[in-house]
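The data block below is target-v5.tsv; it holds TSV, C-alpha atoms.
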```tsv
chain	number	residue	atom	x	y	z
A	138	MET	CA	-13.73	-10.19	-19.47
A	139	SER	CA	-14.24	-7.89	-16.47
A	140	CYS	CA	-12.32	-8.09	-13.20
A	141	TYR	CA	-13.83	-7.32	-9.80
A	142	ILE	CA	-12.67	-6.61	-6.24
A	143	THR	CA	-14.80	-9.07	-4.28
A	144	GLY	CA	-13.16	-9.04	-0.84
A	145	CYS	CA	-11.03	-6.80	1.39
A	146	GLY	CA	-9.09	-7.68	4.52
A	147	ALA	CA	-6.65	-6.15	6.98
A	148	ALA	CA	-4.38	-7.05	9.88
A	149	LEU	CA	-2.90	-4.54	12.31
A	150	PRO	CA	-0.60	-5.26	15.25
A	151	ALA	CA	-2.05	-4.70	18.71
A	152	ARG	CA	0.85	-2.54	19.89
A	153	VAL	CA	0.16	1.20	19.55
A	154	VAL	CA	3.22	3.47	19.44
A	155	THR	CA	2.42	7.12	20.14
A	156	ASN	CA	4.46	10.13	19.14
A	157	ALA	CA	5.29	10.65	22.80
A	158	GLU	CA	6.92	7.20	22.98
A	159	LEU	CA	8.78	7.67	19.73
A	160	SER	CA	9.94	11.21	20.42
A	161	SER	CA	12.14	10.13	23.31
A	162	LEU	CA	14.08	7.88	20.92
A	163	LEU	CA	14.28	10.32	18.02
A	164	GLY	CA	15.05	13.43	20.04
A	165	VAL	CA	12.13	15.48	18.71
A	166	ALA	CA	8.91	16.74	20.24
A	167	PRO	CA	5.68	14.77	19.73
A	168	GLU	CA	4.10	17.94	18.31
A	169	TRP	CA	6.90	18.22	15.74
A	170	ILE	CA	6.18	14.69	14.48
A	171	GLU	CA	2.48	15.43	14.03
A	172	ALA	CA	3.10	18.82	12.41
A	173	ASN	CA	5.54	17.37	9.88
A	174	SER	CA	3.70	14.14	9.09
A	175	GLY	CA	0.10	14.23	10.30
A	176	ILE	CA	0.78	11.08	12.34
A	177	ARG	CA	-0.29	10.78	15.98
A	178	GLU	CA	0.33	7.07	16.44
A	179	ARG	CA	1.19	3.91	14.52
A	180	ARG	CA	1.11	0.14	15.06
A	181	TRP	CA	4.27	-1.91	15.51
A	182	VAL	CA	4.70	-5.68	15.60
A	183	GLU	CA	6.05	-7.54	18.60
A	184	ALA	CA	9.38	-9.36	18.40
A	185	HIS	CA	7.77	-12.72	17.59
A	186	GLN	CA	5.62	-11.39	14.73
A	187	SER	CA	6.69	-11.48	11.09
A	188	THR	CA	5.43	-9.71	8.00
A	189	SER	CA	3.97	-12.94	6.64
A	190	ASP	CA	1.95	-13.38	9.86
A	191	LEU	CA	0.20	-10.07	9.17
A	192	ALA	CA	-0.18	-10.84	5.48
A	193	ALA	CA	-1.76	-14.25	6.03
A	194	ALA	CA	-4.26	-12.79	8.51
A	195	ALA	CA	-5.24	-10.06	6.04
A	196	VAL	CA	-5.69	-12.56	3.21
A	197	ARG	CA	-7.86	-14.78	5.41
A	198	GLU	CA	-10.13	-11.83	6.20
A	199	ALA	CA	-10.31	-10.83	2.53
A	200	LEU	CA	-11.29	-14.39	1.57
A	201	SER	CA	-13.96	-14.44	4.27
A	202	ASP	CA	-15.26	-11.10	3.00
A	203	ALA	CA	-15.41	-12.55	-0.52
A	204	ARG	CA	-17.10	-15.70	0.82
A	205	LYS	CA	-14.32	-17.86	-0.55
A	206	GLU	CA	-11.94	-20.45	0.85
A	207	ALA	CA	-8.17	-20.57	0.51
A	208	ALA	CA	-8.66	-23.53	-1.84
A	209	ASN	CA	-10.44	-21.17	-4.26
A	210	VAL	CA	-7.31	-19.06	-4.77
A	211	ASP	CA	-5.68	-19.66	-8.17
A	212	TYR	CA	-2.87	-17.11	-7.83
A	213	LEU	CA	-1.21	-15.23	-4.94
A	214	ILE	CA	0.54	-11.86	-5.36
A	215	GLY	CA	2.49	-10.30	-2.49
A	216	CYS	CA	3.99	-6.83	-2.05
A	217	THR	CA	6.41	-5.87	0.72
A	218	LEU	CA	9.55	-3.89	1.48
A	219	SER	CA	10.16	-5.80	4.71
A	220	PRO	CA	10.05	-9.54	3.95
A	221	ASP	CA	10.56	-12.30	6.49
A	222	TYR	CA	13.76	-13.35	4.75
A	223	GLN	CA	15.98	-12.30	1.86
A	224	VAL	CA	15.05	-15.61	0.21
A	225	PRO	CA	12.42	-17.02	-0.28
A	226	GLY	CA	9.91	-14.32	-1.09
A	227	ILE	CA	6.99	-13.55	1.18
A	228	ALA	CA	4.25	-14.94	-1.10
A	229	PRO	CA	5.27	-18.61	-0.66
A	230	LEU	CA	5.40	-18.12	3.12
A	231	VAL	CA	1.89	-16.68	3.11
A	232	GLN	CA	0.71	-19.56	0.92
A	233	GLN	CA	2.19	-21.95	3.49
A	234	LYS	CA	0.08	-20.31	6.21
A	235	LEU	CA	-3.17	-20.46	4.21
A	236	GLU	CA	-4.56	-23.92	4.79
A	237	GLY	CA	-5.84	-25.38	1.53
A	238	CYS	CA	-3.98	-22.98	-0.78
A	239	ALA	CA	-1.65	-25.52	-2.36
A	240	ASN	CA	0.42	-25.62	-5.54
A	241	VAL	CA	-0.67	-22.25	-6.92
A	242	PRO	CA	1.69	-19.58	-8.30
A	243	ALA	CA	2.86	-17.27	-5.50
A	244	VAL	CA	4.90	-14.26	-6.58
A	245	ASP	CA	6.44	-11.16	-5.00
A	246	LEU	CA	6.34	-7.65	-6.46
A	247	ARG	CA	9.08	-5.30	-5.24
A	248	VAL	CA	7.68	-1.96	-6.36
A	249	GLY	CA	7.52	-0.13	-3.06
A	250	CYS	CA	4.38	1.69	-2.00
A	251	ALA	CA	2.88	1.42	-5.49
A	252	GLY	CA	2.49	-2.34	-4.99
A	253	VAL	CA	-1.31	-2.14	-4.89
A	254	LEU	CA	-1.42	-0.77	-8.45
A	255	TYR	CA	1.07	-3.24	-9.89
A	256	SER	CA	-0.75	-6.13	-8.23
A	257	LEU	CA	-4.12	-4.90	-9.51
A	258	GLN	CA	-2.83	-4.72	-13.07
A	259	LEU	CA	-1.18	-8.13	-12.86
A	260	ALA	CA	-4.27	-9.72	-11.30
A	261	ARG	CA	-6.49	-8.15	-13.94
A	262	GLY	CA	-4.27	-9.46	-16.74
A	263	ILE	CA	-4.12	-12.96	-15.25
A	264	ILE	CA	-7.90	-13.11	-14.88
A	265	GLN	CA	-8.61	-11.66	-18.33
A	266	SER	CA	-6.21	-14.16	-19.90
A	267	GLY	CA	-8.22	-17.00	-18.40
A	268	ALA	CA	-5.26	-18.28	-16.36
A	269	ALA	CA	-7.13	-17.73	-13.08
A	270	LYS	CA	-10.59	-17.01	-11.75
A	271	THR	CA	-9.57	-15.85	-8.26
A	272	VAL	CA	-6.40	-13.93	-7.37
A	273	ALA	CA	-5.46	-12.88	-3.82
A	274	CYS	CA	-3.26	-9.78	-3.57
A	275	PHE	CA	-1.70	-8.37	-0.42
A	276	GLY	CA	0.60	-5.67	0.81
A	277	ALA	CA	2.26	-6.18	4.19
A	278	GLU	CA	4.98	-4.49	6.22
A	279	ALA	CA	6.85	-4.82	9.49
A	280	GLN	CA	9.06	-1.80	8.83
A	281	SER	CA	9.49	-1.07	12.53
A	282	LYS	CA	12.07	-3.85	12.78
A	283	GLY	CA	14.37	-2.03	10.36
A	284	LEU	CA	14.16	1.58	11.53
A	285	ASN	CA	17.10	3.63	12.71
A	286	LEU	CA	15.62	4.94	15.96
A	287	LYS	CA	18.13	7.72	16.48
A	288	PRO	CA	17.89	11.51	16.07
A	289	GLU	CA	19.79	11.56	12.78
A	290	SER	CA	16.98	9.55	11.19
A	291	ALA	CA	14.02	11.28	12.84
A	292	GLU	CA	12.47	12.63	9.61
A	293	LEU	CA	12.26	9.12	8.14
A	294	SER	CA	11.79	6.87	11.16
A	295	MET	CA	8.87	8.90	12.54
A	296	LEU	CA	6.76	7.90	9.53
A	297	PHE	CA	6.46	4.14	9.51
A	298	GLY	CA	3.90	1.77	10.91
A	299	ASP	CA	3.26	-1.93	10.46
A	300	GLY	CA	0.22	-3.65	9.01
A	301	ALA	CA	-1.22	-5.61	6.10
A	302	GLY	CA	-4.09	-5.27	3.66
A	303	ALA	CA	-5.43	-7.75	1.14
A	304	LEU	CA	-7.81	-7.94	-1.82
A	305	VAL	CA	-9.56	-10.80	-3.55
A	306	MET	CA	-9.87	-10.26	-7.31
A	307	SER	CA	-12.40	-12.35	-9.23
A	308	ASP	CA	-13.69	-12.90	-12.75
A	309	ALA	CA	-17.30	-12.52	-11.56
A	310	PRO	CA	-18.91	-9.75	-9.49
A	311	GLY	CA	-19.45	-10.19	-5.80
A	312	ALA	CA	-21.21	-7.69	-3.55
A	313	VAL	CA	-18.93	-6.02	-1.00
A	314	GLY	CA	-19.46	-3.77	1.99
A	315	GLU	CA	-21.73	-4.27	4.97
A	316	ALA	CA	-24.90	-3.58	2.98
A	317	ARG	CA	-23.75	-5.78	0.09
A	318	ASN	CA	-25.46	-3.41	-2.34
A	319	TYR	CA	-22.64	-2.75	-4.81
A	320	HIS	CA	-19.89	-4.36	-6.86
A	321	ILE	CA	-16.43	-2.86	-7.45
A	322	ARG	CA	-15.27	-3.39	-11.03
A	323	LEU	CA	-11.64	-2.63	-11.90
A	324	ASP	CA	-11.87	-0.66	-15.15
A	325	ASP	CA	-8.32	0.59	-15.73
A	326	VAL	CA	-4.82	0.74	-14.25
A	327	LEU	CA	-2.04	3.15	-15.21
A	328	ILE	CA	1.44	2.45	-13.84
A	329	GLU	CA	4.84	3.98	-14.57
A	330	THR	CA	8.44	3.95	-13.37
A	331	ASP	CA	11.24	6.50	-13.56
A	332	GLY	CA	14.53	4.89	-12.57
A	333	ARG	CA	16.37	8.23	-12.65
A	334	PHE	CA	15.13	8.70	-9.09
A	335	ALA	CA	15.93	5.17	-7.91
A	336	GLU	CA	18.40	6.32	-5.26
A	337	ASP	CA	16.19	9.05	-3.79
A	338	LEU	CA	14.34	6.45	-1.69
A	339	ILE	CA	16.57	3.49	-0.96
A	340	VAL	CA	17.84	0.77	1.37
A	341	ARG	CA	21.30	-0.10	0.05
A	342	ALA	CA	22.22	-3.20	2.03
A	343	PRO	CA	22.16	-6.10	1.63
A	344	GLY	CA	23.00	-5.58	-2.03
A	345	THR	CA	25.49	-6.56	-4.72
A	346	ALA	CA	26.30	-2.91	-5.56
A	347	ASN	CA	28.06	-2.43	-2.23
A	348	GLY	CA	31.47	-3.88	-3.02
A	349	ALA	CA	32.95	-7.34	-2.53
A	350	ARG	CA	30.24	-8.51	-0.11
A	351	TRP	CA	26.53	-7.81	-0.18
A	352	ILE	CA	26.58	-7.24	3.57
A	353	CYS	CA	29.51	-6.78	5.95
A	354	ALA	CA	30.37	-5.12	9.24
A	355	GLU	CA	31.58	-1.94	7.54
A	356	GLN	CA	28.30	-1.49	5.69
A	357	ILE	CA	26.32	-1.98	8.88
A	358	ALA	CA	28.56	0.49	10.73
A	359	SER	CA	27.87	3.01	7.94
A	360	GLY	CA	24.13	2.45	8.25
A	361	LEU	CA	23.63	1.21	4.69
A	362	HIS	CA	21.03	-1.27	5.95
A	363	TYR	CA	18.79	1.62	7.03
A	364	GLY	CA	16.47	3.48	4.71
A	365	ALA	CA	17.49	6.81	3.19
A	366	MET	CA	15.24	9.37	1.54
A	367	GLN	CA	15.53	12.66	-0.29
A	368	GLY	CA	12.32	13.97	1.24
A	369	ARG	CA	11.89	17.10	-0.89
A	370	SER	CA	12.41	15.13	-4.11
A	371	VAL	CA	9.89	12.49	-3.05
A	372	ILE	CA	7.15	14.99	-2.16
A	373	LEU	CA	7.60	17.16	-5.26
A	374	GLN	CA	7.69	14.22	-7.64
A	375	ALA	CA	4.86	12.37	-5.91
A	376	VAL	CA	2.39	15.28	-6.05
A	377	ARG	CA	3.22	16.09	-9.66
A	378	LYS	CA	3.22	12.54	-10.99
A	379	LEU	CA	0.13	11.40	-9.11
A	380	ALA	CA	-1.88	14.41	-10.26
A	381	GLU	CA	-0.81	13.74	-13.84
A	382	ALA	CA	-1.65	10.03	-13.55
A	383	ALA	CA	-5.09	10.87	-12.16
A	384	ALA	CA	-5.81	13.29	-14.99
A	385	ARG	CA	-4.67	10.83	-17.66
A	386	ILE	CA	-6.62	7.82	-16.40
A	387	LEU	CA	-9.79	9.89	-16.09
A	388	GLU	CA	-9.33	11.39	-19.55
A	389	ARG	CA	-8.70	8.10	-21.31
A	390	ASN	CA	-11.85	6.65	-19.70
A	391	ASN	CA	-13.90	9.78	-20.46
A	392	ILE	CA	-14.65	10.26	-16.75
A	393	SER	CA	-14.88	13.63	-15.01
A	394	LEU	CA	-13.51	14.25	-11.52
A	395	GLU	CA	-17.07	15.02	-10.39
A	396	GLN	CA	-17.99	11.38	-11.08
A	397	VAL	CA	-15.31	10.18	-8.63
A	398	GLY	CA	-16.94	9.55	-5.26
A	399	VAL	CA	-13.83	8.59	-3.31
A	400	VAL	CA	-10.07	9.03	-3.70
A	401	ILE	CA	-7.87	6.38	-2.06
A	402	PRO	CA	-4.22	7.48	-1.87
A	403	HIS	CA	-1.11	5.89	-0.47
A	404	GLN	CA	-0.73	7.21	3.08
A	405	ALA	CA	2.77	8.68	2.87
A	406	ASN	CA	2.50	12.00	4.68
A	407	LEU	CA	-0.52	14.17	5.43
A	408	ASN	CA	1.16	17.22	3.91
A	409	LEU	CA	1.64	15.28	0.68
A	410	ILE	CA	-1.98	14.07	0.69
A	411	ARG	CA	-3.27	17.61	1.24
A	412	ALA	CA	-1.05	18.99	-1.52
A	413	LEU	CA	-2.28	16.28	-3.86
A	414	GLY	CA	-5.92	16.98	-3.00
A	415	LYS	CA	-5.39	20.68	-3.69
A	416	LYS	CA	-3.72	19.97	-7.02
A	417	LEU	CA	-6.53	17.58	-8.01
A	418	GLY	CA	-9.19	20.01	-6.83
A	419	VAL	CA	-10.97	17.55	-4.54
A	420	THR	CA	-12.23	18.17	-1.01
A	421	ASP	CA	-10.80	16.46	2.06
A	422	GLU	CA	-14.13	14.66	2.48
A	423	LYS	CA	-13.52	12.69	-0.72
A	424	ILE	CA	-10.06	11.51	0.35
A	425	VAL	CA	-9.59	8.43	2.54
A	426	THR	CA	-6.96	8.91	5.24
A	427	ASN	CA	-5.75	6.74	8.11
A	428	LEU	CA	-2.24	8.14	8.43
A	429	ASP	CA	-2.97	9.71	11.80
A	430	ARG	CA	-3.70	6.27	13.34
A	431	PHE	CA	-1.57	3.84	11.30
A	432	GLY	CA	1.36	5.90	10.02
A	433	ASN	CA	2.92	5.20	6.64
A	434	THR	CA	2.52	1.45	6.17
A	435	SER	CA	4.42	1.50	2.85
A	436	GLY	CA	3.37	-1.39	0.61
A	437	ALA	CA	0.32	-2.08	2.81
A	438	SER	CA	-0.86	1.52	2.84
A	439	ALA	CA	-3.28	1.77	-0.11
A	440	PHE	CA	-4.54	-1.78	0.53
A	441	LEU	CA	-5.48	-0.66	4.06
A	442	ALA	CA	-7.05	2.57	2.79
A	443	LEU	CA	-9.21	0.60	0.35
A	444	TRP	CA	-10.26	-1.79	3.14
A	445	GLN	CA	-11.11	1.22	5.31
A	446	ALA	CA	-13.17	2.83	2.54
A	447	VAL	CA	-15.28	-0.33	2.24
A	448	ARG	CA	-15.73	-0.66	6.00
A	449	GLU	CA	-16.75	2.99	6.34
A	450	GLY	CA	-19.27	2.81	3.52
A	451	ARG	CA	-17.41	5.34	1.38
A	452	PHE	CA	-18.46	3.75	-1.93
A	453	SER	CA	-21.65	4.84	-3.67
A	454	PRO	CA	-23.26	2.89	-6.54
A	455	ASP	CA	-23.00	4.57	-9.95
A	456	SER	CA	-19.79	6.41	-9.04
A	457	TYR	CA	-16.06	5.82	-9.43
A	458	ALA	CA	-13.18	5.24	-7.03
A	459	LEU	CA	-9.69	6.50	-7.81
A	460	ILE	CA	-6.69	4.72	-6.23
A	461	LEU	CA	-3.35	6.59	-6.26
A	462	ALA	CA	0.06	5.37	-5.08
A	463	PHE	CA	3.71	6.42	-5.30
A	464	GLY	CA	6.76	4.50	-4.16
A	465	ALA	CA	10.46	3.76	-4.45
A	466	GLY	CA	11.85	3.38	-7.92
A	467	PHE	CA	10.18	5.85	-8.46
A	468	THR	CA	7.03	3.85	-9.21
A	469	TRP	CA	3.56	5.37	-9.33
A	470	GLY	CA	0.19	5.40	-11.00
A	471	ALA	CA	-3.57	5.25	-10.67
A	472	ALA	CA	-6.39	2.74	-10.81
A	473	LEU	CA	-10.00	3.50	-11.72
A	474	CYS	CA	-12.83	1.40	-10.30
A	475	ARG	CA	-16.49	1.55	-11.24
A	476	VAL	CA	-18.92	1.11	-8.34
A	477	CYS	CA	-21.93	-0.75	-9.73
A	478	ASP	CA	-25.35	-1.33	-8.17
A	479	ALA	CA	-25.60	-4.98	-7.08
A	480	SER	CA	-29.38	-5.18	-7.11
```
Would you give me this structure, written as structure tokens?
Amino acid sequence: MSCYITGCGAALPARVVTNAELSSLLGVAPEWIEANSGIRERRWVEAHQSTSDLAAAAVREALSDARKEAANVDYLIGCTLSPDYQVPGIAPLVQQKLEGCANVPAVDLRVGCAGVLYSLQLARGIIQSGAAKTVACFGAEAQSKGLNLKPESAELSMLFGDGAGALVMSDAPGAVGEARNYHIRLDDVLIETDGRFAEDLIVRAPGTANGARWICAEQIASGLHYGAMQGRSVILQAVRKLAEAAARILERNNISLEQVGVVIPHQANLNLIRALGKKLGVTDEKIVTNLDRFGNTSGASAFLALWQAVREGRFSPDSYALILAFGAGFTWGAALCRVCDAS
């Protein structure tokens, strides 16, 4: 049984945060932020907005794009690094906000920025098993609420933006895009994890590995509740592992890189994306980017890039789309989609 992407949606906060605004907090020049990240601005939520608010809006748009109702959803899969609460997960909260989506499984995947790939594989397996006909997947973040906005964290805090993207996965094809002249069939997903690097990209608190309490005043004073990253390790491993994953998924499907019409990567850092493109041997024109406008939206990033690719008409019938993502864990991989003529 085949599995298809039949709808895409997105939600972005209205508030735009420029490098000029952020630089005064981080003690660096706006030009330094852009030179080291490729980011000019990002979106941040307001105080009253939660991650699940963004996620629910993105899922609603994806369902509308797929011409489905919330009542048609058989399974809900959510990905985030910045949930509303420690417990419960974000997926049940999004289900609560989707009128008509009652009593269906709603699960969270905590696999960092590779969430799109893990959710695609899980959705594909659920659909192919016959357990569901329609699966809604989303990635959503409100990372701005957890950033250390001080100079010592400039290299990390300059990166992140808020937003949500969503996909509707179905057991039957449905035309997508403005022209509605093609289907997107999910042909293969390759995902991997290497826990040796688990502490190279980490938020330690709250957590049960921190001593007698999973959160306390001493941990907060030490900044354990803020993110920490070994930037050089992340970039080196990401470029290498994503290039290898791309080569392997193409080889095992007997597809050449020339047949790939569009590459949709996680929007981590423009320098990383350019290095990956060079290693893959693809031109900038083939690669979808929105980092300059949205920043690194973590678990929402590749969802948003896929939504953007559909909205911009980047898919061509009788070609392939390659989705690449890398996140904490380390987790990474690739997905291969066949773009089929809908006529």
Notebook entry, point to check: Contacts of Leu361 (chain A) at 8 Å or less, counting only C-alpha atoms, minus same-chain residues fewer than 2 places along, as a list in words?
Noted result: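 Once the adjacent positions are removed, what remains is Val340, Arg341, Ala342, Gln356, Ile357, Ala358, Ser359, Tyr363 and Gly364 of chain A.
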Next item on the list: Quote the spacing between CA of Trp469 (chain A) and CA of Ile328 (chain A) in Å to one decimal place.
Entry: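 Interatomic distance, CA of Trp469 (chain A) to CA of Ile328 (chain A): 5.8 Å.
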Note to self: So, with all atoms listed in the file as the atoms that count, which of A:Ala349, A:Ala273, A:Ile142, A:Ala279 lies closest to His185 (chain A)?
What the structure shows: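 Of A:Ala349, A:Ala273, A:Ile142, A:Ala279, the one nearest His185 (chain A) is A:Ala279, counting all atoms listed in the file.
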Note to self: Between CA of Leu304 (chain A) and CA of Val241 (chain A), what is the distance in Å, rounded to a tenth?
What the structure shows: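 These atoms are spaced 16.8 Å apart.
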Check: Counting all atoms listed in the file, which of A:Leu286, A:Leu230, A:Cys477, A:Ala442 gets nearest to Leu162 (chain A)?
Finding: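 Checking each of A:Leu286, A:Leu230, A:Cys477, A:Ala442 against Leu162 (chain A), counting all atoms listed in the file, the winner is A:Leu286.
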Check: So which one's closest to Glu289 (chain A), A:Val253, A:Leu327, A:Leu163, A:Val182? Using all atoms listed in the file, please.
Finding: A:Leu163
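Atom to atom, CA of Arg430 (chain A) and CA of Gly175 (chain A) stand 9.3 Å apart.
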Notebook entry, point to check: Which one is closest to Ala172 (chain A): A:Asp202, A:Asp455, A:Glu292, A:Glu381? Count only C-alpha atoms.
Noted result: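 Of all the options, A:Glu292 lies closest to Ala172 (chain A).
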Notebook entry, point to check: region 176-181 of chain A: which residues within 6 Å, counting all atoms listed in the file, same-chain residues fewer than 6 positions away excluded, as JSON, numbers by chain?
Noted result: {"A": [150, 152, 153, 154, 155, 156, 298, 299, 428, 429, 430, 431, 432]}
With 12 Å as the cut-off and all atoms listed in the file counted, what is the closest atom pair between each nearby residue of region 383-471 of chain A and region 206-216 of chain A? Distances in Å to one decimal, ordered by chain and number, as CSV.
```
residue,atom,partner,partner_atom,distance
A:Thr434,CA,A:Cys216,CA,11.8
A:Ser435,CA,A:Cys216,CA,9.7
A:Gly436,CA,A:Cys216,CA,6.1
A:Ala437,CA,A:Cys216,CA,7.7
A:Ser438,CA,A:Cys216,CA,10.8
A:Ala439,CA,A:Cys216,CA,11.4
A:Phe440,CA,A:Cys216,CA,10.2
A:Gly464,CA,A:Cys216,CA,11.9
```
Atoms are missing here; could region 332-343 of chain A be completed with N, CA and C atoms and written as a PDB file, in the frame of the given file?
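The resulting file, out-v2.pdb, is reproduced below:
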```pdb
ATOM      1  N   GLY A 332      13.353   5.345 -13.291  1.00  0.00           N
ATOM      2  CA  GLY A 332      14.530   4.890 -12.570  1.00  0.00           C
ATOM      3  C   GLY A 332      15.577   5.959 -12.332  1.00  0.00           C
ATOM      4  N   ARG A 333      15.418   7.139 -12.930  1.00  0.00           N
ATOM      5  CA  ARG A 333      16.370   8.230 -12.650  1.00  0.00           C
ATOM      6  C   ARG A 333      16.362   8.618 -11.180  1.00  0.00           C
ATOM      7  N   PHE A 334      15.263   8.330 -10.495  1.00  0.00           N
ATOM      8  CA  PHE A 334      15.130   8.700  -9.090  1.00  0.00           C
ATOM      9  C   PHE A 334      15.294   7.503  -8.159  1.00  0.00           C
ATOM     10  N   ALA A 335      15.875   6.422  -8.672  1.00  0.00           N
ATOM     11  CA  ALA A 335      15.930   5.170  -7.910  1.00  0.00           C
ATOM     12  C   ALA A 335      16.646   5.320  -6.572  1.00  0.00           C
ATOM     13  N   GLU A 336      17.625   6.205  -6.484  1.00  0.00           N
ATOM     14  CA  GLU A 336      18.400   6.320  -5.260  1.00  0.00           C
ATOM     15  C   GLU A 336      17.884   7.409  -4.325  1.00  0.00           C
ATOM     16  N   ASP A 337      16.762   8.025  -4.658  1.00  0.00           N
ATOM     17  CA  ASP A 337      16.190   9.050  -3.790  1.00  0.00           C
ATOM     18  C   ASP A 337      15.388   8.451  -2.643  1.00  0.00           C
ATOM     19  N   LEU A 338      15.047   7.177  -2.751  1.00  0.00           N
ATOM     20  CA  LEU A 338      14.340   6.450  -1.690  1.00  0.00           C
ATOM     21  C   LEU A 338      14.875   5.021  -1.725  1.00  0.00           C
ATOM     22  N   ILE A 339      15.749   4.684  -0.768  1.00  0.00           N
ATOM     23  CA  ILE A 339      16.570   3.490  -0.960  1.00  0.00           C
ATOM     24  C   ILE A 339      16.992   2.848   0.359  1.00  0.00           C
ATOM     25  N   VAL A 340      17.133   1.525   0.340  1.00  0.00           N
ATOM     26  CA  VAL A 340      17.840   0.770   1.370  1.00  0.00           C
ATOM     27  C   VAL A 340      18.953   0.032   0.639  1.00  0.00           C
ATOM     28  N   ARG A 341      20.195   0.371   0.876  1.00  0.00           N
ATOM     29  CA  ARG A 341      21.300  -0.100   0.050  1.00  0.00           C
ATOM     30  C   ARG A 341      21.800  -1.500   0.390  1.00  0.00           C
ATOM     31  N   ALA A 342      21.657  -1.910   1.629  1.00  0.00           N
ATOM     32  CA  ALA A 342      22.220  -3.200   2.030  1.00  0.00           C
ATOM     33  C   ALA A 342      21.151  -4.058   2.712  1.00  0.00           C
ATOM     34  N   PRO A 343      21.206  -5.389   2.464  1.00  0.00           N
ATOM     35  CA  PRO A 343      22.160  -6.100   1.630  1.00  0.00           C
ATOM     36  C   PRO A 343      21.975  -5.780   0.148  1.00  0.00           C
TER      37      PRO A 343
END
```
